[in-house]
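Asker: Below is the structure I would like to discuss, written out as structure tokens.
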Amino acid sequence: FISNLSLSLAVLLKHPERETEHFARIKVPISDGRWISLEDGTGFVPIEQIIAHNASELFRGMEVTGVYPFRITRNADLKRDEEVADDLIALISEELRERRFAPIVRLEVQCGIPEEIKELLTRELSLDPTDVYEWDGDLDLVSVTQFANMNFPEFQTSFWDPVVPKCLLHEGEAKDRENIFEILRKGDVLVHHPYESFAASVLRFIDEAAHDPDVIAIKQTLYRTSDESPVVKALLRAAEKGKQVAVLVEVKARFDEKNNIEWGAKLEQHGVHVTYGLVGLKTHAKTTLVVRSEKGELKTYCHIGTGNYHPSTAKLYTDFGLLTASADLGHDLVNLFHYLTGYAPEQHYRKLLVAPKEMRKTFIELIQNEVRIQEQSGNGRIVAKMNALDDISIIKELYKASEAGVQIELHIRGHCRLRPGLLRFSENITVISVIGRFLEHSRIYYFGNDGSPRVFMGSADWQRRNLEDRVEVIVEIEQQALKDRMIRTLEFTSADTASAWELGADGTYRLRKAVDSNGIYGVQQLLMERARQRSDREDQPWDL
């Protein structure tokens, strides 16, 4: 048995007397770390090299003629029939056990491995030659992350401490200082992580809701969170104080299934109403609803975001979040949670776009509207920022829009099935991918709308799985100052000439470079500096 992603050594042996050849496999032990520090402190060596160098000690009496590292990947996407499952938790738990023995889908070897060894591994692992990948270098780059936290300041970026938005700063420790609900009644708050603090905004919102005696209910979707999650701890405190707490814990979140099952069980033990997802759908929406009693009436407060409720990744991923007291959005989240935590699939929404119900249809209508505007006024424009693009229906509409002359800018960090720059089909489309110190994770959609722009943000990419197989939420940003801020973020990204890679019609990415690079740096560095400046100013707190 070979574990998924475990590192192994293929050892070729020869009997010195019989001249027969033999094959052996050594599993590389990395439970105590893979990299071994040299005694003189000058560097590190991977443990597999030490084992390979001393392999003759393991096979005494045999001649070691070669030692070659390899690694296998097992399929993590196992089929499940949720329609006939009596217990979703039991189904997922069984899948986790089966995943250890799932079919092998990839073999990784280093360049230079003898052809006979490669063929032997391919045959014995029941793979095709197309499943074999040769690498000129290390097979397990994940392990080198331990060097990132070592004390080598000359190779490290400076520490970034997210700023607290001015409107959320505590004015001393006076008892009469505003709580977050009073702040939100004055206007919506848009936060941009990791430039602005997750702890001082989103986590504060949940934590104050847990402690506030006027809050009667908290509802949340939980897709991924940290091991010692302060978000979950706040929800537990709320339940202990007698508040109605309902959480949808998505147990089908890839590679977080075990963690989410454990959190769900702990929440249930403390009296939280836990739902473990919907049959046939993953709940990927990032939403929190707080219901508060104010002067005898119920008032709703909401958070809708592009990223997970995960304090650690909030320091590494770029995400937007909207905190609001909008009655319409509160109404919509109430209906959404009726759908998620009850048996009420037929819901209607005033403002939110919710997948899989009408999100794709609405986005297609917005794209087609830009085509009409282009034909009438000549100023159709679309700017969309997402993690990946693969939805065929959306791509076809973007091609049609480009043919009509609509100017389209796509900021896509990951894979993109659309080909830009093709004569007639996509010559009005540009695609860039920003690679920087933070992982670009936010989803923003801009439509020019003939000079009255409409801007949306939320959890969904333009991928088939997001639009058909998941519960996703997109919200339109309507307050002008917040809308302008998001538009400027898109403009800064479009103008990046230091960390943006542009996709060509031939499918290759090329790093953009300014003709004069003096003073030019990437969008992330620009947003960090502007966040610092904004935190030092007393006026115009919403100006990016």
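The way I read the labels, and the way they are meant: chains A, B, ... in the order of the structure tokens, residue 1 as the first residue of every chain, and ligand 1 as the first ligand shown, with later ones counted on from there.
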Quick one: contact table of range 423-498 of chain A to range 281-287 of chain A, 10 Å max, nearest atom pair and distance in Å to one decimal per residue, counting only C-alpha atoms, chain and number order, as a tab-separated table?
Answerer:
```
residue	atom	partner	partner_atom	distance
A:Gly458	CA	A:Lys286	CA	7.7
A:Ser459	CA	A:Ala285	CA	5.5
A:Ala460	CA	A:Ala285	CA	7.8
A:Arg465	CA	A:Lys282	CA	9.2
A:Asn466	CA	A:His284	CA	8.1
A:Glu468	CA	A:Leu281	CA	8.4
A:Asp469	CA	A:Leu281	CA	5.1
A:Arg470	CA	A:Lys282	CA	4.5
A:Val471	CA	A:Thr283	CA	4.6
A:Glu472	CA	A:Ala285	CA	4.5
A:Val473	CA	A:Ala285	CA	5.3
A:Ile474	CA	A:Ala285	CA	8.4
```
Asker: Tell me, as a list in words, which residues lie within 6 Å of range 304-319 of chain A, counting only C-alpha atoms; anything in the same chain fewer than 6 positions away does not count.
Answerer: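 Near range 304-319 of chain A, the qualifying residues are His192, His193, Pro194, Arg224, Thr225, Ser226, Lys286, Thr287, Phe438, Leu439, Glu440, His441, Ser442, Gly458 and Ser459 of chain A.
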Asker: Nearest to Ser494 in chain A: which of A:Leu482, A:Val523, A:Tyr445, A:Phe425 is it, counting only C-alpha atoms?
Answerer: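 So, comparing all the options, the nearest one is A:Val523.
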Asker: Would you please extract all helix (DSSP H, G or I) residues from range 278-396 of chain A, as assigned by DSSP on the backbone, and give them as a PDB file with C-alpha atoms, in the first residue's frame?
Answerer:
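Output file result_31.pdb follows:
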```pdb
ATOM      1  CA  THR A 313      -6.343  32.733   5.648  1.00  0.00           C
ATOM      2  CA  ALA A 314      -7.809  36.211   6.196  1.00  0.00           C
ATOM      3  CA  LYS A 315      -4.183  37.309   6.690  1.00  0.00           C
ATOM      4  CA  ALA A 327     -33.448  45.679   5.637  1.00  0.00           C
ATOM      5  CA  ASP A 328     -33.622  44.214   2.122  1.00  0.00           C
ATOM      6  CA  LEU A 329     -30.437  42.188   2.566  1.00  0.00           C
ATOM      7  CA  GLY A 330     -31.624  41.116   6.017  1.00  0.00           C
ATOM      8  CA  HIS A 331     -34.879  39.909   4.460  1.00  0.00           C
ATOM      9  CA  ASP A 332     -32.929  37.985   1.823  1.00  0.00           C
ATOM     10  CA  LEU A 333     -30.614  36.301   4.333  1.00  0.00           C
ATOM     11  CA  VAL A 334     -33.614  35.311   6.466  1.00  0.00           C
ATOM     12  CA  ASN A 335     -35.053  33.592   3.396  1.00  0.00           C
ATOM     13  CA  LEU A 336     -31.698  32.059   2.508  1.00  0.00           C
ATOM     14  CA  PHE A 337     -31.391  30.475   5.948  1.00  0.00           C
ATOM     15  CA  HIS A 338     -34.979  29.226   5.720  1.00  0.00           C
ATOM     16  CA  TYR A 339     -33.797  27.404   2.608  1.00  0.00           C
ATOM     17  CA  LEU A 340     -30.528  26.165   4.134  1.00  0.00           C
ATOM     18  CA  THR A 341     -31.689  25.100   7.587  1.00  0.00           C
ATOM     19  CA  MET A 359     -27.245  33.665 -10.723  1.00  0.00           C
ATOM     20  CA  ARG A 360     -26.068  32.482 -14.157  1.00  0.00           C
ATOM     21  CA  LYS A 361     -29.215  33.887 -15.797  1.00  0.00           C
ATOM     22  CA  THR A 362     -28.656  37.295 -14.196  1.00  0.00           C
ATOM     23  CA  PHE A 363     -24.975  37.454 -15.133  1.00  0.00           C
ATOM     24  CA  ILE A 364     -25.808  36.568 -18.754  1.00  0.00           C
ATOM     25  CA  GLU A 365     -28.451  39.319 -18.811  1.00  0.00           C
ATOM     26  CA  LEU A 366     -25.885  41.803 -17.484  1.00  0.00           C
ATOM     27  CA  ILE A 367     -23.380  40.794 -20.183  1.00  0.00           C
ATOM     28  CA  GLN A 368     -26.034  41.054 -22.894  1.00  0.00           C
ATOM     29  CA  ASN A 369     -27.022  44.484 -21.608  1.00  0.00           C
ATOM     30  CA  GLU A 370     -23.444  45.672 -22.196  1.00  0.00           C
ATOM     31  CA  VAL A 371     -23.761  44.439 -25.788  1.00  0.00           C
ATOM     32  CA  ARG A 372     -26.896  46.569 -26.257  1.00  0.00           C
ATOM     33  CA  ILE A 373     -25.139  49.567 -24.725  1.00  0.00           C
ATOM     34  CA  GLN A 374     -22.167  49.042 -27.046  1.00  0.00           C
ATOM     35  CA  GLU A 375     -24.462  48.973 -30.071  1.00  0.00           C
ATOM     36  CA  GLN A 376     -26.299  52.111 -28.944  1.00  0.00           C
ATOM     37  CA  SER A 377     -23.586  54.201 -27.272  1.00  0.00           C
ATOM     38  CA  ILE A 392     -19.217  27.515 -21.131  1.00  0.00           C
ATOM     39  CA  SER A 393     -22.419  29.586 -21.202  1.00  0.00           C
ATOM     40  CA  ILE A 394     -20.674  32.623 -19.687  1.00  0.00           C
ATOM     41  CA  ILE A 395     -17.653  32.218 -21.992  1.00  0.00           C
ATOM     42  CA  LYS A 396     -19.881  32.137 -25.095  1.00  0.00           C
TER      43      LYS A 396
END
```
Asker: Record the distance separating CA of Ala217 in chain A and CA of Leu352 in chain A, expressed in Å with one decimal.
Answerer: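 Taking CA of Ala217 in chain A and CA of Leu352 in chain A, their separation equals 20.9 Å.
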Asker: Considering only C-alpha atoms, can you say which of A:Asp32, A:Arg485, A:Leu9, A:Thr275 comes closest to Ile50 in chain A?
Answerer: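 Result for the nearest residue to Ile50 in chain A: A:Leu9.
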Asker: From a backbone DSSP assignment, name each residue in range 164-413 of chain A labelled strand (DSSP E), as a ChimeraX atom specification.
Answerer: /A:189-193,215-222,244-249,273-275,282-283,287-294,297-305,317-324,353-355,381-386,407-412
Asker: Please list as a ChimeraX atom specification every residue within 10 Å of Met62 in chain A, counting only C-alpha atoms and excluding residues in the same chain fewer than 5 positions away.
Answerer: /A:12-17,21-22,56-57
Asker: Go ahead and write the selection's residues with C-alpha atoms as a PDB file, in the first residue's frame.
Answerer:
```
ATOM      1  CA  LEU A  12      17.102  -1.154  -8.045  1.00  0.00           C
ATOM      2  CA  LEU A  13      19.140  -4.050  -6.627  1.00  0.00           C
ATOM      3  CA  LYS A  14      21.469  -6.637  -8.120  1.00  0.00           C
ATOM      4  CA  HIS A  15      22.483  -9.961  -6.570  1.00  0.00           C
ATOM      5  CA  PRO A  16      26.297 -10.079  -6.768  1.00  0.00           C
ATOM      6  CA  GLU A  17      26.457 -13.837  -7.403  1.00  0.00           C
ATOM      7  CA  GLU A  21      17.956  -7.779 -10.681  1.00  0.00           C
ATOM      8  CA  HIS A  22      15.406  -6.934  -7.990  1.00  0.00           C
ATOM      9  CA  SER A  56      23.361  -0.329   1.006  1.00  0.00           C
ATOM     10  CA  GLU A  57      22.985  -0.532   4.800  1.00  0.00           C
TER      11      GLU A  57
END
```
Asker: Select, from A:Gly296, A:Gly405, A:Gly504, A:Pro114, the residue with the minimum atom-to-atom distance to Val67 in chain A, counting only C-alpha atoms.
Answerer: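 Nearest to Val67 in chain A: A:Pro114.
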Asker: Please provide the set of residues having any atom within 7 Å of Ser535 in chain A, restricted to only C-alpha atoms, with same-chain residues fewer than 3 positions apart removed, written as a list in words.
Answerer: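 Counting only C-alpha atoms, the residues come to Val163, Pro165, Lys166, Ala531 and Arg532 of chain A.
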Asker: Using only C-alpha atoms, please write the residues we just selected to a file, as a PDB file, in the first residue's frame.
Answerer:
```pdb
ATOM      1  CA  VAL A 163      -5.152  48.223   9.720  1.00  0.00           C
ATOM      2  CA  PRO A 165     -10.956  50.882   9.491  1.00  0.00           C
ATOM      3  CA  LYS A 166     -11.445  54.294  11.055  1.00  0.00           C
ATOM      4  CA  ALA A 531      -4.324  51.277   3.751  1.00  0.00           C
ATOM      5  CA  ARG A 532      -1.541  52.693   5.940  1.00  0.00           C
TER       6      ARG A 532
END
```
Asker: Please, what distance in Å, to one decimal, runs between CA of Ser158 in chain A and CA of Gly137 in chain A?
Answerer: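 Computing it gives 28.5 Å between the two atoms.
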Asker: So how many Å separate CA of Pro230 in chain A and CA of Asp188 in chain A, to one decimal?
Answerer: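 Going from CA of Pro230 in chain A over to CA of Asp188 in chain A, I get 23.8 Å.
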Asker: Determine the nearest neighbour of Leu190 in chain A from the options A:Glu39, A:Glu427, A:Glu502, A:Glu478, counting only C-alpha atoms.
Answerer: A:Glu478
Asker: Looking at only C-alpha atoms, which of A:Ser326, A:Ser143, A:Gln524, A:Asn379 is the one that sits closest to Val290 in chain A?
Answerer: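 Checking each candidate against Val290 in chain A, we get A:Ser326 as the closest.
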Asker: Would you mind listing what lies within 7 Å of range 124-135 of chain A as a ChimeraX atom specification, with only C-alpha atoms counted and same-chain residues fewer than 5 positions away left out?
Answerer: /A:105-111
Asker: Would you kindly return, as a ChimeraX atom specification, each protein, DNA or RNA residue with an atom no farther than 8 Å from any atom of Leu236 in chain A, considering only C-alpha atoms and excluding same-chain residues fewer than 5 positions away?
Answerer: /A:267,270,272
Asker: Go ahead and write the residues just picked, C-alpha atoms, as a PDB file, in the first residue's frame.
Answerer:
```pdb
ATOM      1  CA  LEU A 267     -21.599  22.948  18.094  1.00  0.00           C
ATOM      2  CA  HIS A 270     -23.595  23.178  23.003  1.00  0.00           C
ATOM      3  CA  VAL A 272     -26.480  24.959  18.281  1.00  0.00           C
TER       4      VAL A 272
END
```
Asker: Name the residues in contact with Asp207 in chain A at a cut-off of 8 Å, using only C-alpha atoms, excluding same-chain residues fewer than 3 positions from it; report them as a VMD selection string.
Answerer: chain A and resid 203 to 204 210 to 211 231 234 to 235
Asker: Which is closest to Arg417 in chain A among A:Gly448, A:Gly277, A:Gly380, A:Gly507, if we use only C-alpha atoms?
Answerer: A:Gly507
